$ cat upload-v2.txt   # compact mmCIF, C-alpha atoms
# COMPACT_ATOMS: atom_id res chain seq x y z
CA ARG A 10 8.79 5.40 -16.24
CA LYS A 11 6.95 4.66 -13.00
CA GLU A 12 3.45 3.29 -13.40
CA VAL A 13 2.04 5.83 -10.97
CA GLU A 14 3.82 9.15 -10.53
CA GLN A 15 3.33 11.76 -7.86
CA ASP A 16 5.10 14.92 -6.82
CA PRO A 17 6.90 13.83 -3.62
CA GLY A 18 6.56 17.24 -1.98
CA PRO A 19 6.75 18.12 0.80
CA PHE A 20 3.90 20.55 0.64
CA ASN A 21 4.15 22.89 3.62
CA VAL A 22 0.91 24.81 4.11
CA PRO A 23 -0.69 26.83 6.92
CA GLU A 24 -3.85 25.70 8.63
CA GLY A 25 -6.90 26.66 6.61
CA ALA A 26 -5.13 26.53 3.27
CA THR A 27 -6.36 24.67 0.22
CA VAL A 28 -3.87 22.24 -1.26
CA ALA A 29 -4.02 20.05 -4.37
CA PHE A 30 -2.09 16.89 -5.21
CA ASN A 31 -1.75 15.44 -8.66
CA CYS A 32 -1.00 11.97 -9.91
CA THR A 33 -0.52 10.44 -13.35
CA TYR A 34 -0.71 6.78 -14.30
CA SER A 35 0.73 5.06 -17.33
CA ASN A 36 -1.47 2.02 -17.87
CA SER A 37 -4.63 2.86 -19.77
CA ALA A 38 -6.13 -0.45 -18.62
CA SER A 39 -6.27 0.84 -15.06
CA GLN A 40 -9.70 0.15 -13.72
CA SER A 41 -10.09 1.67 -10.27
CA PHE A 42 -8.49 4.61 -8.53
CA PHE A 43 -7.95 5.57 -4.92
CA TRP A 44 -6.26 7.90 -2.53
CA TYR A 45 -4.70 6.37 0.58
CA ARG A 46 -3.36 8.22 3.56
CA GLN A 47 -0.28 7.05 5.43
CA ASP A 48 0.88 8.51 8.72
CA CYS A 49 4.53 8.36 9.69
CA ARG A 50 5.61 4.78 10.38
CA LYS A 51 2.04 3.51 10.02
CA GLU A 52 0.23 1.42 7.43
CA PRO A 53 -1.68 2.98 4.52
CA LYS A 54 -5.39 3.48 5.02
CA LEU A 55 -8.01 4.17 2.40
CA LEU A 56 -8.95 7.84 2.24
CA MET A 57 -11.36 7.70 -0.68
CA SER A 58 -12.09 6.04 -3.97
CA VAL A 59 -12.02 8.19 -7.10
CA TYR A 60 -14.92 8.07 -9.53
CA SER A 61 -15.05 9.27 -13.11
CA SER A 62 -17.60 11.94 -12.28
CA GLY A 63 -15.52 13.25 -9.40
CA ASN A 64 -16.47 12.83 -5.78
CA GLU A 65 -16.33 14.67 -2.52
CA ASP A 66 -16.02 13.58 1.08
CA GLY A 67 -16.20 16.51 3.45
CA ARG A 68 -13.15 18.69 2.85
CA PHE A 69 -11.69 16.24 0.32
CA THR A 70 -12.47 16.24 -3.40
CA ALA A 71 -11.10 13.72 -5.87
CA GLN A 72 -11.12 14.02 -9.65
CA LEU A 73 -10.27 11.57 -12.42
CA ASN A 74 -9.46 12.36 -16.03
CA ARG A 75 -9.22 9.09 -17.91
CA ALA A 76 -8.29 10.72 -21.20
CA SER A 77 -5.25 12.37 -19.63
CA GLN A 78 -4.66 9.51 -17.16
CA TYR A 79 -4.62 12.00 -14.34
CA ILE A 80 -5.99 11.94 -10.80
CA SER A 81 -6.18 14.77 -8.31
CA LEU A 82 -6.97 15.28 -4.64
CA LEU A 83 -8.03 18.65 -3.25
CA ILE A 84 -8.01 19.33 0.47
CA ARG A 85 -9.85 22.44 1.64
CA ASP A 86 -9.46 24.15 5.01
CA SER A 87 -6.38 22.10 5.94
CA LYS A 88 -6.08 20.88 9.52
CA LEU A 89 -2.98 20.00 11.46
CA SER A 90 -4.27 16.43 11.52
CA ASP A 91 -4.13 16.29 7.72
CA SER A 92 -0.34 16.11 7.92
CA ALA A 93 0.55 12.78 6.35
CA THR A 94 1.69 11.19 3.11
CA TYR A 95 -0.99 10.78 0.46
CA LEU A 96 -0.65 7.81 -1.86
CA CYS A 97 -2.21 7.67 -5.29
CA VAL A 98 -3.25 4.11 -6.10
CA VAL A 99 -4.58 2.43 -9.23
CA SER A 100 -5.98 -1.02 -9.67
CA LEU A 101 -5.36 -2.91 -12.88
CA SER A 102 -7.97 -5.06 -14.50
CA GLY A 103 -7.63 -8.76 -13.79
CA GLY A 104 -8.82 -9.10 -10.26
CA TYR A 105 -6.99 -10.10 -7.09
CA ASN A 106 -7.08 -6.45 -6.08
CA LYS A 107 -3.63 -5.85 -7.52
CA LEU A 108 -2.92 -2.29 -6.54
CA ILE A 109 -0.14 -0.12 -7.92
CA PHE A 110 1.00 2.55 -5.49
CA GLY A 111 2.58 5.89 -6.16
CA ALA A 112 5.50 6.87 -3.96
CA GLY A 113 3.34 9.41 -2.15
CA THR A 114 3.13 13.15 -1.60
CA ARG A 115 4.00 14.43 1.83
CA LEU A 116 1.84 17.14 3.37
CA ALA A 117 2.85 19.17 6.41
CA VAL A 118 0.22 21.54 7.81
CA HIS A 119 1.59 24.11 10.25
CA PRO A 120 -0.18 26.46 12.69
CA ASP B 4 -13.03 -4.81 12.96
CA VAL B 5 -10.83 -6.47 10.38
CA LYS B 6 -7.47 -7.29 11.78
CA VAL B 7 -4.27 -8.03 9.88
CA THR B 8 -1.56 -8.84 12.37
CA GLN B 9 2.14 -8.90 11.66
CA SER B 10 3.79 -10.63 14.55
CA SER B 11 7.17 -8.96 14.33
CA ARG B 12 7.21 -5.16 14.25
CA TYR B 13 10.96 -4.54 14.48
CA LEU B 14 13.70 -6.98 13.60
CA VAL B 15 17.46 -6.77 13.22
CA LYS B 16 19.06 -9.66 11.38
CA ARG B 17 22.52 -10.46 10.11
CA THR B 18 23.44 -10.90 6.47
CA GLY B 19 22.86 -14.49 5.42
CA GLU B 20 20.30 -15.29 8.09
CA LYS B 21 16.97 -16.84 7.19
CA VAL B 22 14.13 -14.52 8.14
CA PHE B 23 10.45 -15.31 8.59
CA LEU B 24 7.79 -12.62 8.60
CA GLU B 25 4.39 -13.85 9.70
CA CYS B 26 1.01 -12.37 8.90
CA VAL B 27 -2.42 -13.45 10.11
CA GLN B 28 -5.82 -12.08 9.12
CA ASP B 29 -9.08 -12.76 10.88
CA MET B 30 -11.65 -12.00 8.17
CA ASP B 31 -11.52 -15.16 6.10
CA HIS B 32 -10.14 -13.19 3.14
CA GLU B 33 -9.15 -15.11 0.04
CA ASN B 34 -6.31 -12.83 -1.04
CA MET B 35 -3.18 -11.97 0.86
CA PHE B 36 -0.23 -9.83 -0.18
CA TRP B 37 3.28 -8.92 0.84
CA TYR B 38 4.65 -5.48 -0.09
CA ARG B 39 7.81 -3.68 0.78
CA GLN B 40 7.99 0.08 1.11
CA ASP B 41 11.12 2.13 0.54
CA PRO B 42 11.55 5.92 0.49
CA GLY B 43 10.83 7.37 -2.94
CA LEU B 44 9.70 4.04 -4.37
CA GLY B 45 6.30 3.52 -2.82
CA LEU B 46 4.87 0.11 -2.07
CA ARG B 47 6.08 -2.68 -4.32
CA LEU B 48 4.38 -6.05 -4.50
CA ILE B 49 6.60 -9.02 -3.62
CA TYR B 50 4.17 -11.94 -3.71
CA PHE B 51 0.48 -12.54 -3.38
CA SER B 52 -1.77 -15.48 -2.79
CA TYR B 53 -5.38 -15.95 -3.82
CA ASP B 54 -5.96 -19.27 -2.10
CA VAL B 55 -4.39 -21.73 0.29
CA LYS B 56 -1.17 -23.19 -1.12
CA MET B 57 -1.40 -20.84 -4.12
CA LYS B 58 1.12 -18.09 -4.72
CA GLU B 59 1.94 -15.66 -7.48
CA LYS B 60 5.02 -13.54 -8.00
CA GLY B 61 4.61 -9.84 -7.75
CA ASP B 62 6.93 -7.21 -9.16
CA ILE B 63 10.01 -7.91 -7.02
CA PRO B 64 10.02 -11.59 -5.93
CA GLU B 65 13.77 -12.15 -6.16
CA GLY B 66 15.30 -13.14 -2.83
CA TYR B 67 11.91 -13.95 -1.28
CA SER B 68 9.59 -16.88 -0.98
CA VAL B 69 6.17 -17.28 0.63
CA SER B 70 4.07 -19.92 2.26
CA ARG B 71 0.33 -20.15 2.67
CA GLU B 72 -0.60 -23.40 4.41
CA LYS B 73 -3.73 -21.99 6.04
CA LYS B 74 -6.16 -19.42 4.73
CA GLU B 75 -5.55 -16.98 7.54
CA ARG B 76 -1.75 -17.07 7.49
CA PHE B 77 0.71 -15.83 4.87
CA SER B 78 4.41 -15.98 5.60
CA LEU B 79 7.23 -14.16 3.85
CA ILE B 80 10.63 -15.84 3.89
CA LEU B 81 13.99 -14.31 3.17
CA GLU B 82 16.16 -17.33 2.51
CA SER B 83 19.43 -15.46 2.98
CA ALA B 84 18.95 -11.90 4.13
CA SER B 85 20.97 -9.18 2.46
CA THR B 86 21.43 -5.54 3.35
CA ASN B 87 19.35 -4.41 0.34
CA GLN B 88 16.38 -6.14 1.94
CA THR B 89 16.37 -3.62 4.77
CA SER B 90 12.90 -2.15 4.44
CA MET B 91 9.41 -1.93 5.85
CA TYR B 92 7.31 -4.93 4.94
CA LEU B 93 3.55 -4.66 4.77
CA CYS B 94 1.12 -7.54 4.70
CA ALA B 95 -2.40 -7.02 3.37
CA SER B 96 -5.54 -9.01 2.76
CA SER B 97 -8.65 -8.58 0.68
CA THR B 98 -11.80 -10.29 -0.48
CA ASN B 99 -12.54 -11.34 -4.04
CA GLY B 100 -15.03 -9.53 -6.17
CA TRP B 101 -14.75 -5.94 -7.28
CA ALA B 102 -11.14 -4.85 -7.25
CA GLY B 103 -11.89 -2.09 -4.83
CA GLY B 104 -9.49 -0.53 -2.41
CA ASN B 105 -12.16 -0.45 0.21
CA THR B 106 -11.71 -4.18 0.67
CA ILE B 107 -7.95 -4.26 1.17
CA TYR B 108 -6.59 -4.08 4.70
CA PHE B 109 -3.00 -3.63 5.79
CA GLY B 110 -1.09 -4.83 8.80
CA GLU B 111 0.93 -2.35 10.82
CA GLY B 112 4.18 -3.23 9.09
CA SER B 113 7.41 -4.98 9.98
CA TRP B 114 10.59 -2.93 10.03
CA LEU B 115 13.51 -5.14 9.06
CA THR B 116 17.12 -4.07 9.31
CA VAL B 117 19.80 -6.37 7.89
CA VAL B 118 23.31 -5.66 9.11

$ encode --input "upload-v2.txt" --output "structure tokens"
Amino acid sequence: RKEVEQDPGPFNVPEGATVAFNCTYSNSASQSFFWYRQDCRKEPKLLMSVYSSGNEDGRFTAQLNRASQYISLLIRDSKLSDSATYLCVVSLSGGYNKLIFGAGTRLAVHP
Amino acid sequence: DVKVTQSSRYLVKRTGEKVFLECVQDMDHENMFWYRQDPGLGLRLIYFSYDVKMKEKGDIPEGYSVSREKKERFSLILESASTNQTSMYLCASSTNGWAGGNTIYFGEGSWLTVV
């Protein structure tokens, strides 16, 4: 079983749609949680951290359920520029910023 | 701005060749990492280093070695390249302290093809 699992997609949605991505992680010792965005043939870049109480950044909302070991990302009012791969990432306890990456969910927003 | 620079963006090498991938960061970060990324598998950690001359194996170290002689530079070495090492290689660096993703920075990636 992969340590971090995501639906690979692709999710094809029209502009203005709301889309949700889910992610599950297997290690209950996971300490920190993130969503990264990766454009085609580019490096991953941090989109947002995920906090236990849930957090929002503009059109993006992240949720964490530690009991179910489940993370979600909601994108409202999708833009063409949101087209990318979204990586779910967890950090294990123990320092050195060891991050475990999901394989990513691809989003394609069309006009 | 933080800069992680991978000197080679696209390489084509022959099976059995020795390959060096170089990475330099300009933020005096303690930690440096090498990942590879393959379709459907996500990023997998090859090696990391938390100090000069220190190295730790990641999840898939076989067929690779690393060198960190200076704090700013972390090199990945493929002693004898094989076709299953065709991949995109990502270097990253981070500071110590809270294991937060907001302190990890990636280079632009090196696309290696082994023929």

$ interface_residues --input "upload-v2.txt" --of "chain B" --to "chain A" --cutoff "6 Å" --atoms "only C-alpha atoms" --output "list of chain:residue names"
B:Gly43, B:Leu44, B:Gly45, B:Leu46, B:Ala102, B:Glu111

$ write_last_selection --input "upload-v2.txt" --atoms "C-alpha atoms" --output "tab-separated table (two decimals), in the coordinates of the input"
chain	number	residue	atom	x	y	z
B	43	GLY	CA	10.83	7.37	-2.94
B	44	LEU	CA	9.70	4.04	-4.37
B	45	GLY	CA	6.30	3.52	-2.82
B	46	LEU	CA	4.87	0.11	-2.07
B	102	ALA	CA	-11.14	-4.85	-7.25
B	111	GLU	CA	0.93	-2.35	10.82

$ closest_residue --input "upload-v2.txt" --among "A:Glu24, A:Asp86, A:Cys32, A:Arg115" --to "Asn74 (chain A)" --atoms "all atoms listed in the file"
A:Cys32

$ atom_distance --input "upload-v2.txt" --atom1 "CA of Gly63 (chain A)" --atom2 "CA of Ser90 (chain A)"
24.0 Å

$ closest_residue --input "upload-v2.txt" --among "B:Gly110, B:Gly61, B:Gly19, B:Pro42" --to "Tyr92 (chain B)" --atoms "all atoms listed in the file"
B:Gly110

$ residues_around --input "upload-v2.txt" --residues "Arg17 (chain B)" --least-positions-apart "6" --cutoff "8 Å" --atoms "all atoms listed in the file" --output "list in words"
Ala84, Ser85, Val117 and Val118 of chain B

$ residues_around --input "upload-v2.txt" --residues "region 70-83 of chain B" --least-positions-apart "3" --cutoff "6 Å" --atoms "all atoms listed in the file" --output "count of residues only"
13

$ atom_distance --input "upload-v2.txt" --atom1 "CA of Asn31 (chain A)" --atom2 "CA of Pro120 (chain A)"
24.1 Å

$ atom_distance --input "upload-v2.txt" --atom1 "CA of Pro23 (chain A)" --atom2 "CA of His119 (chain A)"
4.9 Å

$ build_atoms --input "upload-v2.txt" --residues "region 49-60 of chain B" --atoms "all heavy atoms" --output "mmCIF file, in the frame of the given file"
data_model
loop_
_atom_site.group_PDB
_atom_site.id
_atom_site.type_symbol
_atom_site.label_atom_id
_atom_site.label_comp_id
_atom_site.auth_asym_id
_atom_site.auth_seq_id
_atom_site.Cartn_x
_atom_site.Cartn_y
_atom_site.Cartn_z
ATOM 1 N N ILE B 49 5.613 -7.939 -3.602
ATOM 2 C CA ILE B 49 6.600 -9.020 -3.620
ATOM 3 C C ILE B 49 5.947 -10.317 -4.097
ATOM 4 O O ILE B 49 6.369 -10.933 -5.065
ATOM 5 C CB ILE B 49 7.224 -9.209 -2.230
ATOM 6 C CG1 ILE B 49 7.831 -7.908 -1.715
ATOM 7 C CG2 ILE B 49 8.284 -10.308 -2.263
ATOM 8 C CD1 ILE B 49 8.260 -7.968 -0.259
ATOM 9 N N TYR B 50 4.935 -10.741 -3.382
ATOM 10 C CA TYR B 50 4.170 -11.940 -3.710
ATOM 11 C C TYR B 50 2.729 -11.727 -3.278
ATOM 12 O O TYR B 50 2.452 -10.933 -2.386
ATOM 13 C CB TYR B 50 4.714 -13.157 -2.935
ATOM 14 C CG TYR B 50 5.744 -13.987 -3.633
ATOM 15 C CD1 TYR B 50 7.106 -13.763 -3.391
ATOM 16 C CD2 TYR B 50 5.393 -15.014 -4.496
ATOM 17 C CE1 TYR B 50 8.077 -14.538 -4.025
ATOM 18 C CE2 TYR B 50 6.360 -15.796 -5.124
ATOM 19 C CZ TYR B 50 7.701 -15.542 -4.880
ATOM 20 O OH TYR B 50 8.652 -16.310 -5.497
ATOM 21 N N PHE B 51 1.836 -12.483 -3.888
ATOM 22 C CA PHE B 51 0.480 -12.540 -3.380
ATOM 23 C C PHE B 51 -0.065 -13.954 -3.516
ATOM 24 O O PHE B 51 0.495 -14.788 -4.229
ATOM 25 C CB PHE B 51 -0.426 -11.502 -4.055
ATOM 26 C CG PHE B 51 -0.685 -11.722 -5.523
ATOM 27 C CD1 PHE B 51 -1.860 -12.304 -5.959
ATOM 28 C CD2 PHE B 51 0.240 -11.299 -6.471
ATOM 29 C CE1 PHE B 51 -2.103 -12.479 -7.316
ATOM 30 C CE2 PHE B 51 -0.007 -11.459 -7.825
ATOM 31 C CZ PHE B 51 -1.176 -12.053 -8.250
ATOM 32 N N SER B 52 -1.144 -14.162 -2.803
ATOM 33 C CA SER B 52 -1.770 -15.480 -2.790
ATOM 34 C C SER B 52 -3.281 -15.305 -2.845
ATOM 35 O O SER B 52 -3.830 -14.489 -2.116
ATOM 36 C CB SER B 52 -1.372 -16.230 -1.524
ATOM 37 O OG SER B 52 -2.165 -17.389 -1.365
ATOM 38 N N TYR B 53 -3.931 -16.057 -3.706
ATOM 39 C CA TYR B 53 -5.380 -15.950 -3.820
ATOM 40 C C TYR B 53 -6.111 -17.167 -3.266
ATOM 41 O O TYR B 53 -7.332 -17.279 -3.361
ATOM 42 C CB TYR B 53 -5.801 -15.687 -5.271
ATOM 43 C CG TYR B 53 -5.231 -16.662 -6.263
ATOM 44 C CD1 TYR B 53 -5.896 -17.851 -6.556
ATOM 45 C CD2 TYR B 53 -4.029 -16.408 -6.917
ATOM 46 C CE1 TYR B 53 -5.376 -18.750 -7.460
ATOM 47 C CE2 TYR B 53 -3.492 -17.301 -7.817
ATOM 48 C CZ TYR B 53 -4.163 -18.468 -8.089
ATOM 49 O OH TYR B 53 -3.641 -19.361 -8.985
ATOM 50 N N ASP B 54 -5.335 -18.101 -2.699
ATOM 51 C CA ASP B 54 -5.960 -19.270 -2.100
ATOM 52 C C ASP B 54 -4.890 -20.026 -1.317
ATOM 53 O O ASP B 54 -3.678 -19.819 -1.530
ATOM 54 C CB ASP B 54 -6.560 -20.171 -3.181
ATOM 55 C CG ASP B 54 -7.634 -21.097 -2.654
ATOM 56 O OD1 ASP B 54 -7.845 -21.151 -1.414
ATOM 57 O OD2 ASP B 54 -8.271 -21.797 -3.463
ATOM 58 N N VAL B 55 -5.337 -20.912 -0.472
ATOM 59 C CA VAL B 55 -4.390 -21.730 0.290
ATOM 60 C C VAL B 55 -3.486 -22.489 -0.674
ATOM 61 O O VAL B 55 -3.938 -23.021 -1.688
ATOM 62 C CB VAL B 55 -5.159 -22.706 1.201
ATOM 63 C CG1 VAL B 55 -4.199 -23.635 1.928
ATOM 64 C CG2 VAL B 55 -5.999 -21.940 2.197
ATOM 65 N N LYS B 56 -2.214 -22.496 -0.357
ATOM 66 C CA LYS B 56 -1.170 -23.190 -1.120
ATOM 67 C C LYS B 56 -0.939 -22.591 -2.508
ATOM 68 O O LYS B 56 -0.146 -23.120 -3.278
ATOM 69 C CB LYS B 56 -1.461 -24.692 -1.241
ATOM 70 C CG LYS B 56 -1.475 -25.405 0.101
ATOM 71 C CD LYS B 56 -1.468 -26.912 -0.069
ATOM 72 C CE LYS B 56 -1.602 -27.620 1.272
ATOM 73 N NZ LYS B 56 -0.425 -27.373 2.142
ATOM 74 N N MET B 57 -1.616 -21.508 -2.830
ATOM 75 C CA MET B 57 -1.400 -20.840 -4.120
ATOM 76 C C MET B 57 -0.574 -19.585 -3.885
ATOM 77 O O MET B 57 -0.753 -18.889 -2.884
ATOM 78 C CB MET B 57 -2.730 -20.465 -4.769
ATOM 79 C CG MET B 57 -3.685 -21.615 -4.961
ATOM 80 S SD MET B 57 -3.000 -22.930 -5.983
ATOM 81 C CE MET B 57 -3.066 -22.168 -7.582
ATOM 82 N N LYS B 58 0.318 -19.300 -4.820
ATOM 83 C CA LYS B 58 1.120 -18.090 -4.720
ATOM 84 C C LYS B 58 1.441 -17.593 -6.124
ATOM 85 O O LYS B 58 1.558 -18.381 -7.059
ATOM 86 C CB LYS B 58 2.399 -18.337 -3.937
ATOM 87 C CG LYS B 58 3.293 -19.394 -4.543
ATOM 88 C CD LYS B 58 4.480 -19.684 -3.655
ATOM 89 C CE LYS B 58 5.349 -20.797 -4.266
ATOM 90 N NZ LYS B 58 6.483 -21.152 -3.373
ATOM 91 N N GLU B 59 1.588 -16.289 -6.213
ATOM 92 C CA GLU B 59 1.940 -15.660 -7.480
ATOM 93 C C GLU B 59 3.027 -14.629 -7.219
ATOM 94 O O GLU B 59 2.980 -13.910 -6.214
ATOM 95 C CB GLU B 59 0.729 -14.949 -8.091
ATOM 96 C CG GLU B 59 -0.394 -15.867 -8.541
ATOM 97 C CD GLU B 59 -0.086 -16.560 -9.851
ATOM 98 O OE1 GLU B 59 0.823 -16.090 -10.566
ATOM 99 O OE2 GLU B 59 -0.767 -17.565 -10.154
ATOM 100 N N LYS B 60 3.977 -14.543 -8.129
ATOM 101 C CA LYS B 60 5.020 -13.540 -8.000
ATOM 102 C C LYS B 60 4.444 -12.158 -8.274
ATOM 103 O O LYS B 60 3.609 -11.975 -9.152
ATOM 104 C CB LYS B 60 6.152 -13.827 -8.985
ATOM 105 C CG LYS B 60 6.944 -15.079 -8.660
ATOM 106 C CD LYS B 60 8.050 -15.310 -9.671
ATOM 107 C CE LYS B 60 8.843 -16.571 -9.315
ATOM 108 N NZ LYS B 60 9.918 -16.836 -10.313
#
